[in-house]
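Trainee: Data file run21.txt (compact mmCIF, C-alpha atoms) is appended below.
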```
# COMPACT_ATOMS: atom_id res chain seq x y z
CA MET A 7 -62.20 -45.09 4.05
CA SER A 8 -63.61 -41.97 5.69
CA ARG A 9 -60.90 -39.82 7.19
CA ARG A 10 -63.00 -38.81 10.16
CA THR A 11 -65.43 -40.66 12.34
CA ILE A 12 -67.63 -38.78 14.80
CA TYR A 13 -69.55 -40.51 17.54
CA CYS A 14 -70.22 -40.18 21.26
CA PRO A 15 -67.79 -42.35 23.25
CA HIS A 16 -69.72 -42.10 26.52
CA SER A 17 -73.00 -43.19 28.01
CA CYS A 18 -75.43 -40.38 28.87
CA THR A 19 -74.57 -40.67 32.57
CA ILE A 20 -70.81 -40.46 32.04
CA PHE A 21 -71.32 -37.60 29.59
CA ALA A 22 -73.34 -35.65 32.15
CA ILE A 23 -70.79 -36.23 34.93
CA LEU A 24 -67.82 -35.22 32.79
CA PHE A 25 -69.67 -32.17 31.48
CA LEU A 26 -70.54 -31.09 35.02
CA ILE A 27 -66.91 -31.50 36.12
CA LEU A 28 -65.81 -29.50 33.09
CA ILE A 29 -68.20 -26.63 33.86
CA ILE A 30 -67.04 -26.49 37.49
CA ILE A 31 -63.33 -26.56 36.69
CA VAL A 32 -63.63 -23.99 33.90
CA SER A 33 -65.57 -21.70 36.23
CA LEU A 34 -62.86 -22.04 38.87
CA LEU A 35 -60.17 -21.34 36.30
CA PHE A 36 -61.81 -18.13 35.18
CA VAL A 37 -62.16 -16.77 38.72
CA GLY A 38 -58.51 -17.61 39.41
CA VAL A 39 -58.95 -20.25 42.10
CA VAL A 40 -56.85 -22.75 40.17
CA GLY A 41 -54.57 -22.63 37.16
CA LEU A 42 -51.49 -21.21 38.91
CA ALA A 43 -49.51 -24.31 38.07
CA PHE A 44 -50.17 -23.93 34.37
CA ARG A 45 -49.24 -20.25 34.48
CA ARG A 46 -45.72 -21.31 35.46
CA VAL A 47 -45.21 -22.63 31.95
CA GLY A 48 -47.04 -19.82 30.17
CA PHE A 49 -50.64 -21.08 30.29
CA ASN A 50 -53.12 -18.50 31.52
CA SER A 51 -56.56 -19.45 32.85
CA GLN A 52 -58.22 -18.87 29.49
CA LEU A 53 -55.77 -21.11 27.62
CA THR A 54 -56.04 -23.84 30.27
CA ALA A 55 -59.83 -23.71 30.01
CA LEU A 56 -59.58 -23.82 26.20
CA ILE A 57 -57.42 -26.95 26.35
CA LEU A 58 -59.88 -28.71 28.66
CA VAL A 59 -62.89 -27.71 26.54
CA ALA A 60 -61.10 -28.74 23.32
CA THR A 61 -60.22 -32.07 24.91
CA PHE A 62 -63.85 -32.67 25.85
CA VAL A 63 -65.31 -31.59 22.48
CA GLY A 64 -62.57 -33.41 20.57
CA SER A 65 -63.61 -36.68 22.17
CA TYR A 66 -66.30 -36.89 19.49
CA ILE A 67 -63.79 -36.85 16.62
CA ASN A 68 -61.82 -39.94 15.61
CA ILE A 69 -59.33 -39.97 12.74
CA PRO A 70 -58.96 -43.43 11.13
CA LEU A 71 -55.36 -44.65 10.89
CA PHE A 72 -55.45 -48.18 9.52
CA ARG A 73 -57.50 -51.38 9.40
CA LEU A 74 -56.89 -54.66 11.18
CA LYS A 75 -58.36 -57.92 9.94
CA ALA A 76 -58.82 -61.07 11.98
CA LEU A 77 -60.68 -64.37 11.79
CA ILE A 78 -63.38 -64.41 14.45
CA PRO A 79 -64.99 -67.74 15.46
CA ILE A 80 -68.75 -67.68 14.84
CA VAL A 81 -71.05 -70.39 16.22
CA ARG A 82 -73.92 -71.23 13.90
CA GLU A 83 -76.67 -73.78 14.37
CA GLU A 84 -77.80 -76.25 11.76
CA TYR A 85 -80.85 -78.47 12.01
CA ILE A 86 -80.77 -82.01 10.65
CA SER A 87 -83.88 -84.15 10.33
CA PHE A 88 -83.44 -87.90 10.74
CA PHE A 89 -86.48 -90.16 10.60
CA GLY A 90 -88.69 -87.25 11.55
CA ILE A 91 -86.54 -86.24 14.52
CA VAL A 92 -84.87 -82.82 14.29
CA PHE A 93 -81.38 -82.54 15.73
CA ARG A 94 -79.67 -79.22 16.43
CA VAL A 95 -76.01 -79.33 15.41
CA PRO A 96 -73.72 -76.39 16.29
CA GLN A 97 -71.17 -75.47 13.65
CA LEU A 98 -68.06 -73.39 14.26
CA ASP A 99 -67.11 -71.12 11.37
CA LEU A 100 -64.36 -68.55 11.00
CA GLU A 101 -65.47 -65.16 9.70
CA GLU A 102 -63.18 -62.33 8.62
CA PHE A 103 -63.74 -59.24 10.74
CA THR A 104 -62.31 -55.78 10.08
CA THR A 105 -61.55 -53.26 12.83
CA ILE A 106 -60.77 -49.64 12.05
CA VAL A 107 -58.03 -48.35 14.34
CA ALA A 108 -58.44 -44.61 14.86
CA ILE A 109 -56.97 -41.89 17.05
CA ASN A 110 -59.23 -39.68 19.14
CA VAL A 111 -58.65 -35.94 18.84
CA GLY A 112 -59.70 -35.05 22.39
CA GLY A 113 -58.39 -38.18 24.06
CA ALA A 114 -55.02 -38.47 22.31
CA LEU A 115 -53.96 -35.72 19.90
CA ILE A 116 -54.70 -32.61 21.97
CA PRO A 117 -53.44 -34.04 25.31
CA THR A 118 -50.29 -35.43 23.68
CA ALA A 119 -49.53 -32.12 21.97
CA THR A 120 -50.09 -30.30 25.26
CA SER A 121 -47.83 -32.73 27.11
CA LEU A 122 -45.01 -32.32 24.57
CA TYR A 123 -45.35 -28.54 24.81
CA LEU A 124 -45.12 -28.63 28.61
CA LEU A 125 -42.00 -30.82 28.48
CA PHE A 126 -40.47 -28.54 25.83
CA LYS A 127 -41.05 -25.50 28.06
CA LEU A 128 -39.64 -27.24 31.14
CA PRO A 129 -36.91 -29.62 29.89
CA LEU A 130 -35.47 -30.07 33.38
CA VAL A 131 -38.55 -32.04 34.47
CA LEU A 132 -38.20 -34.53 31.60
CA PRO A 133 -36.41 -37.23 33.69
CA TYR A 134 -39.14 -37.02 36.34
CA ALA A 135 -41.83 -37.07 33.65
CA MET A 136 -40.32 -40.22 32.13
CA ILE A 137 -40.42 -41.92 35.54
CA GLY A 138 -44.02 -40.83 36.05
CA ILE A 139 -45.06 -41.97 32.58
CA PHE A 140 -43.47 -45.39 33.15
CA ILE A 141 -45.19 -45.88 36.52
CA VAL A 142 -48.61 -44.76 35.29
CA ALA A 143 -48.28 -46.85 32.12
CA ALA A 144 -47.35 -49.96 34.13
CA ILE A 145 -50.26 -49.60 36.56
CA THR A 146 -52.71 -48.69 33.81
CA HIS A 147 -51.65 -51.74 31.81
CA LEU A 148 -52.37 -53.95 34.83
CA VAL A 149 -55.92 -52.64 35.26
CA ALA A 150 -56.84 -52.19 31.57
CA LYS A 151 -59.24 -54.82 30.25
CA PRO A 152 -59.94 -55.78 26.64
CA VAL A 153 -63.74 -55.86 26.24
CA LYS A 154 -65.33 -57.64 23.29
CA GLY A 155 -67.25 -55.33 21.01
CA LEU A 156 -65.83 -52.19 22.62
CA GLY A 157 -62.05 -52.13 22.89
CA ILE A 158 -59.67 -51.45 25.77
CA VAL A 159 -61.38 -50.21 28.94
CA THR A 160 -59.61 -48.59 31.89
CA PRO A 161 -61.04 -47.57 35.30
CA ALA A 162 -61.48 -43.80 35.01
CA PHE A 163 -59.89 -42.68 38.27
CA ILE A 164 -56.89 -45.01 38.59
CA PRO A 165 -54.57 -43.35 36.00
CA PRO A 166 -55.13 -39.72 37.14
CA LEU A 167 -54.90 -40.57 40.84
CA THR A 168 -51.72 -42.56 40.21
CA ALA A 169 -50.32 -39.62 38.24
CA ALA A 170 -51.18 -37.19 41.04
CA PHE A 171 -49.57 -39.45 43.66
CA VAL A 172 -46.41 -39.83 41.58
CA ALA A 173 -46.30 -36.08 40.91
CA TYR A 174 -46.24 -35.30 44.62
CA LEU A 175 -43.58 -37.93 45.35
CA LEU A 176 -41.15 -36.81 42.64
CA PRO A 177 -39.12 -33.69 43.55
CA SER A 178 -39.62 -32.10 40.14
CA GLY A 179 -40.72 -28.66 41.30
CA ALA A 180 -43.60 -28.82 38.79
CA PRO A 181 -46.17 -31.32 40.09
CA ALA A 182 -48.91 -30.16 37.73
CA VAL A 183 -46.74 -30.79 34.68
CA ILE A 184 -45.72 -34.23 35.96
CA ALA A 185 -49.34 -35.12 36.79
CA TYR A 186 -50.59 -34.05 33.38
CA THR A 187 -47.87 -35.57 31.21
CA SER A 188 -47.61 -38.84 33.13
CA GLY A 189 -51.39 -39.13 33.39
CA VAL A 190 -51.97 -38.49 29.70
CA LEU A 191 -49.04 -40.33 28.11
CA GLY A 192 -48.99 -43.09 30.73
CA THR A 193 -52.68 -43.81 30.16
CA LEU A 194 -52.35 -43.86 26.37
CA ILE A 195 -49.28 -46.10 26.47
CA GLY A 196 -50.44 -48.44 29.24
CA ALA A 197 -54.02 -48.86 28.06
CA ASP A 198 -54.05 -48.51 24.29
CA LEU A 199 -50.60 -48.83 22.74
CA THR A 200 -49.50 -51.87 24.75
CA ASN A 201 -52.79 -53.62 23.96
CA LEU A 202 -52.91 -53.04 20.21
CA HIS A 203 -52.20 -56.73 19.67
CA ALA A 204 -55.49 -57.63 21.40
CA ILE A 205 -57.71 -55.40 19.26
CA PRO A 206 -58.32 -57.82 16.35
CA ARG A 207 -59.79 -60.41 18.74
CA LEU A 208 -62.30 -58.03 20.32
CA GLY A 209 -64.74 -57.84 17.42
CA ALA A 210 -65.10 -54.05 17.65
CA ARG A 211 -65.93 -52.14 14.48
CA ILE A 212 -63.75 -49.23 15.57
CA ALA A 213 -61.00 -49.08 18.20
CA SER A 214 -59.91 -45.56 19.01
CA ILE A 215 -56.62 -44.66 20.72
CA GLY A 216 -57.64 -42.33 23.52
CA GLY A 217 -61.29 -43.07 22.78
CA ALA A 218 -64.18 -44.51 24.74
CA GLY A 219 -62.31 -46.81 27.11
CA THR A 220 -59.44 -44.48 28.03
CA PHE A 221 -60.77 -40.96 27.44
CA ASP A 222 -62.08 -40.58 30.99
CA GLY A 223 -58.63 -41.23 32.46
CA VAL A 224 -56.96 -38.79 30.07
CA PHE A 225 -59.57 -36.08 30.66
CA LEU A 226 -59.45 -36.44 34.44
CA SER A 227 -55.64 -36.24 34.34
CA GLY A 228 -55.99 -32.75 32.91
CA ILE A 229 -58.51 -31.80 35.58
CA ILE A 230 -56.37 -33.09 38.45
CA ALA A 231 -53.23 -31.48 37.03
CA ALA A 232 -55.00 -28.12 36.92
CA LEU A 233 -55.92 -28.56 40.59
CA LEU A 234 -52.35 -29.32 41.70
CA VAL A 235 -51.39 -25.88 42.94
```
Will you turn the file into structure tokens for me?
Mentor:
Amino acid sequence: MSRRTIYCPHSCTIFAILFLILIIIVSLLFVGVVGLAFRRVGFNSQLTALILVATFVGSYINIPLFRLKALIPIVREEYISFFGIVFRVPQLDLEEFTTIVAINVGGALIPTATSLYLLFKLPLVLPYAMIGIFIVAAITHLVAKPVKGLGIVTPAFIPPLTAAFVAYLLPSGAPAVIAYTSGVLGTLIGADLTNLHAIPRLGARIASIGGAGTFDGVFLSGIIAALLV
């Protein structure tokens, strides 16, 4: 099994929109308009921009973890001729289908590592972060939909907006950290991890944690967190 799978997880339109947002936010970071929140935990504008760019570029890289096998019902048609009359008879067969479960570098590994670093630097916000992660995960799980042939799909703006709302409500003193960690970890838990049991039934060749269906929410969580000054 190949240890790395590279493919584009977005349509051309989504790719263009996310790339435009990335260019705008990176430009703002470099001129110092935003990024103050990340400086509180030791992130300068350049490092914040690097994390966002690495998250975006890393969305193309998926590291296979394991395989899941399931029996998928396949409807086939057979034709039977009887006294010159052809009858169409549907037959239901079960076919073994293998799904590769992978983890996305930009949508899971980099954001998770960044979240853990932020919580390590500010341990006092951990209780608030846990509350935020739980709320975002619960709401994300409610709106996440298993889609046949694709995987788990989540509305792009619901997780980051929920994370931002929770971050402002919780008296943590570090809203950007709460927004980022709860948005990232809450999305991954609520969308992907809690729906792993549904993956074998979806008929997708590859299902990536933090990949196509959830990457937008994770990426936008980083953008919104950087704007929470």
Trainee: Between CA of Phe62 in chain A and CA of Leu26 in chain A, what is the spacing in Å?
Mentor: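 These atoms are spaced 11.5 Å apart.
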Trainee: Find the residues around Pro117 in chain A up to 8 Å (all atoms listed in the file counted), leave out those fewer than 4 positions away in its own chain, and share them as JSON, numbers by chain.
Mentor: {"A": [61, 112, 113, 121, 190, 224]}
Trainee: Save the residues we just selected, C-alpha atoms, as a PDB file, keeping the file's coordinate frame?
Mentor:
```pdb
ATOM      1  CA  THR A  61     -60.220 -32.070  24.910  1.00  0.00           C
ATOM      2  CA  GLY A 112     -59.700 -35.050  22.390  1.00  0.00           C
ATOM      3  CA  GLY A 113     -58.390 -38.180  24.060  1.00  0.00           C
ATOM      4  CA  SER A 121     -47.830 -32.730  27.110  1.00  0.00           C
ATOM      5  CA  VAL A 190     -51.970 -38.490  29.700  1.00  0.00           C
ATOM      6  CA  VAL A 224     -56.960 -38.790  30.070  1.00  0.00           C
TER       7      VAL A 224
END
```
Trainee: Could you please determine the separation between CA of Leu199 in chain A and CA of Leu56 in chain A in Å, to one decimal place?
Mentor: 26.8 Å
Trainee: Given all atoms listed in the file as the basis, pick out the residue of A:Ala213, A:Ala180, A:Val59, A:Leu115 nearest to Lys127 in chain A.
Mentor: A:Ala180
Trainee: With only C-alpha atoms as the atoms that count, which of A:Leu71, A:Ile29, A:Val131, A:Leu122 lies nearest to Gly179 in chain A?
Mentor: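 Comparing A:Leu71, A:Ile29, A:Val131, A:Leu122 against Gly179 in chain A, the winner is A:Val131.
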Trainee: List every protein, DNA or RNA residue that has at least one atom no more than 12 Å from (-48.2, -38.1, 38.0) in the file's coordinates, counting all atoms listed in the file, and write the result as a VMD selection string.
Mentor: chain A and resid 131 134 to 143 145 164 to 178 180 to 193 224 226 to 228 230 to 231 234
Trainee: Distance CA of Phe163 in chain A-CA of Asn50 in chain A, one decimal place?
Mentor: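 Computing the Euclidean distance for CA of Phe163 in chain A and CA of Asn50 in chain A yields 26.0 Å.
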Trainee: Looking at only C-alpha atoms, which of A:Leu124, A:Leu58, A:Ile30, A:Ser214 is the one that sits closest to Phe72 in chain A?
Mentor: A:Ser214
Trainee: Of the candidates A:Gly216, A:Gly196, A:Pro161, A:Gly209, which shows the shortest atom-to-atom distance to His147 in chain A, using all atoms listed in the file?
Mentor: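 Residue with the minimum atom-to-atom distance to His147 in chain A: A:Gly196.
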